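Here's the structure, in C-alpha cells; my notes come after.
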Amino acid sequence: MTGQLYDSIFLAVSDGSQREWSEEEKKVILSNVELFQKLECWMTNSLSDGCWHDANYDLLITNMSF
C-alpha cells in the first residue's frame, strides 16, 4: 500500500468531506487487518462528530468481528 493511498483513506474521514472510499481504498481496507482495526477504533470513538460517510461506516460495520 502506498503512503498516498493510506493518506487518502484517512483524509476521506478527517477532512470533513464525508467522501466515500473508492473501490481501491475499500479493497485495501478489507485486506489489511491493522488498517481496518485502526479505522474501526477511530469510528467507534468519533461517531458523534459527523465525519463518517454512511457507506464508509456501513463497510466497517458489516465487516467487524464482534
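Letters for chains follow the order of the C-alpha cells (A, B, ...), residue numbers begin at 1 for each chain, and ligand numbers begin at 1 in the order shown.
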Query raised in the report: Which residues come within 12 Å of A:Tyr6, counting only C-alpha atoms, excluding same-chain residues fewer than 6 positions away, as a PyMOL selection string?
Result: chain A and resi 12-13+21+24-29+32+34-36+38-39
Could you please take those selected residues and save all heavy atoms as a short mmCIF file (atom, residue, chain, number, x, y, z; two decimals), in the first residue's frame?
```cif
data_model
loop_
_atom_site.label_atom_id
_atom_site.label_comp_id
_atom_site.auth_asym_id
_atom_site.auth_seq_id
_atom_site.Cartn_x
_atom_site.Cartn_y
_atom_site.Cartn_z
N ALA A 12 -10.41 10.95 3.76
CA ALA A 12 -11.84 10.87 3.44
C ALA A 12 -12.71 11.07 4.68
O ALA A 12 -13.85 11.51 4.59
CB ALA A 12 -12.16 9.52 2.80
N VAL A 13 -12.16 10.75 5.83
CA VAL A 13 -12.90 10.93 7.09
C VAL A 13 -12.47 12.21 7.79
O VAL A 13 -13.29 13.01 8.22
CB VAL A 13 -12.69 9.72 8.02
CG1 VAL A 13 -13.42 9.93 9.34
CG2 VAL A 13 -13.14 8.44 7.36
N TRP A 21 -15.16 6.10 0.23
CA TRP A 21 -13.92 5.49 -0.21
C TRP A 21 -14.08 4.90 -1.61
O TRP A 21 -15.15 4.38 -1.95
CB TRP A 21 -13.49 4.38 0.74
CG TRP A 21 -13.01 4.86 2.07
CD1 TRP A 21 -12.15 5.89 2.32
CD2 TRP A 21 -13.36 4.34 3.35
NE1 TRP A 21 -11.94 6.03 3.67
CE2 TRP A 21 -12.65 5.10 4.33
CE3 TRP A 21 -14.17 3.30 3.78
CZ2 TRP A 21 -12.75 4.84 5.69
CZ3 TRP A 21 -14.27 3.06 5.13
CH2 TRP A 21 -13.56 3.82 6.08
N GLU A 24 -10.76 0.90 -4.81
CA GLU A 24 -9.38 0.53 -4.48
C GLU A 24 -9.13 0.70 -2.98
O GLU A 24 -8.52 -0.17 -2.34
CB GLU A 24 -8.40 1.40 -5.28
CG GLU A 24 -6.95 1.07 -4.99
CD GLU A 24 -5.97 1.95 -5.74
OE1 GLU A 24 -6.37 3.02 -6.25
OE2 GLU A 24 -4.79 1.57 -5.80
N GLU A 25 -9.60 1.79 -2.41
CA GLU A 25 -9.44 2.03 -0.98
C GLU A 25 -10.17 0.97 -0.16
O GLU A 25 -9.64 0.47 0.83
CB GLU A 25 -9.95 3.42 -0.61
CG GLU A 25 -9.09 4.54 -1.15
CD GLU A 25 -9.72 5.91 -1.03
OE1 GLU A 25 -10.97 6.02 -1.03
OE2 GLU A 25 -8.95 6.89 -0.94
N LYS A 26 -11.37 0.62 -0.58
CA LYS A 26 -12.14 -0.41 0.13
C LYS A 26 -11.41 -1.74 0.13
O LYS A 26 -11.37 -2.44 1.16
CB LYS A 26 -13.52 -0.57 -0.51
CG LYS A 26 -14.43 0.62 -0.29
CD LYS A 26 -15.73 0.44 -1.06
CE LYS A 26 -16.59 1.68 -1.00
NZ LYS A 26 -17.84 1.52 -1.77
N LYS A 27 -10.83 -2.12 -1.00
CA LYS A 27 -10.09 -3.38 -1.09
C LYS A 27 -8.91 -3.38 -0.13
O LYS A 27 -8.65 -4.38 0.54
CB LYS A 27 -9.62 -3.62 -2.52
CG LYS A 27 -10.72 -4.00 -3.46
CD LYS A 27 -10.20 -4.16 -4.88
CE LYS A 27 -11.34 -4.34 -5.86
NZ LYS A 27 -10.86 -4.38 -7.25
N VAL A 28 -8.20 -2.27 -0.07
CA VAL A 28 -7.05 -2.15 0.83
C VAL A 28 -7.50 -2.25 2.28
O VAL A 28 -6.91 -2.96 3.09
CB VAL A 28 -6.28 -0.84 0.58
CG1 VAL A 28 -5.26 -0.57 1.67
CG2 VAL A 28 -5.61 -0.88 -0.78
N ILE A 29 -8.56 -1.56 2.62
CA ILE A 29 -9.08 -1.58 3.99
C ILE A 29 -9.47 -2.99 4.41
O ILE A 29 -9.14 -3.44 5.50
CB ILE A 29 -10.29 -0.62 4.13
CG1 ILE A 29 -9.82 0.83 4.00
CG2 ILE A 29 -11.03 -0.84 5.45
CD1 ILE A 29 -10.93 1.83 3.76
N ASN A 32 -6.31 -5.38 4.84
CA ASN A 32 -5.26 -5.01 5.78
C ASN A 32 -5.86 -4.94 7.18
O ASN A 32 -6.51 -3.97 7.55
CB ASN A 32 -4.68 -3.65 5.37
CG ASN A 32 -3.50 -3.24 6.21
OD1 ASN A 32 -3.54 -3.34 7.43
ND2 ASN A 32 -2.46 -2.75 5.56
N GLU A 34 -4.60 -4.56 10.18
CA GLU A 34 -4.15 -3.47 11.06
C GLU A 34 -4.85 -2.15 10.69
O GLU A 34 -5.32 -1.42 11.57
CB GLU A 34 -2.64 -3.30 10.96
CG GLU A 34 -2.10 -2.24 11.89
CD GLU A 34 -0.58 -2.09 11.79
OE1 GLU A 34 0.09 -2.96 11.20
OE2 GLU A 34 -0.09 -1.09 12.30
N LEU A 35 -4.92 -1.85 9.41
CA LEU A 35 -5.60 -0.64 8.95
C LEU A 35 -7.08 -0.70 9.32
O LEU A 35 -7.64 0.28 9.82
CB LEU A 35 -5.43 -0.47 7.44
CG LEU A 35 -6.17 0.70 6.80
CD1 LEU A 35 -5.76 2.04 7.42
CD2 LEU A 35 -5.93 0.69 5.29
N PHE A 36 -7.71 -1.83 9.07
CA PHE A 36 -9.12 -1.98 9.41
C PHE A 36 -9.36 -1.73 10.88
O PHE A 36 -10.29 -1.01 11.27
CB PHE A 36 -9.62 -3.39 9.02
CG PHE A 36 -11.10 -3.56 9.22
CD1 PHE A 36 -11.98 -3.32 8.18
CD2 PHE A 36 -11.62 -3.94 10.44
CE1 PHE A 36 -13.35 -3.47 8.35
CE2 PHE A 36 -12.98 -4.08 10.63
CZ PHE A 36 -13.85 -3.84 9.58
N LYS A 38 -7.54 0.05 12.97
CA LYS A 38 -7.35 1.47 13.27
C LYS A 38 -8.60 2.27 12.90
O LYS A 38 -9.05 3.12 13.67
CB LYS A 38 -6.15 2.03 12.51
CG LYS A 38 -4.82 1.63 13.05
CD LYS A 38 -3.70 2.23 12.24
CE LYS A 38 -2.35 1.78 12.75
NZ LYS A 38 -1.25 2.35 11.96
N LEU A 39 -9.15 1.99 11.73
CA LEU A 39 -10.35 2.69 11.29
C LEU A 39 -11.54 2.34 12.17
O LEU A 39 -12.34 3.21 12.52
CB LEU A 39 -10.65 2.36 9.83
CG LEU A 39 -9.67 2.95 8.82
CD1 LEU A 39 -9.87 2.30 7.46
CD2 LEU A 39 -9.83 4.46 8.73
#
```
Query raised in the report: Within 7 Å of stretch 50-63 of chain A, counting only C-alpha atoms, which residues qualify if same-chain residues fewer than 6 places away don't, as a ChimeraX atom specification?
Result: /A:13-14,16,18-21,40
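Checking A:Gly3, A:Cys41, A:Leu30, A:Asp49 one by one against A:Asp15, counting only C-alpha atoms, you find the shortest gap at A:Asp49.
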Query raised in the report: Could you pull out the alpha helix (DSSP H) residues of chain A from DSSP and send them as a PyMOL selection string?
Result: chain A and resi 3-14+23-31+33-45+54-63
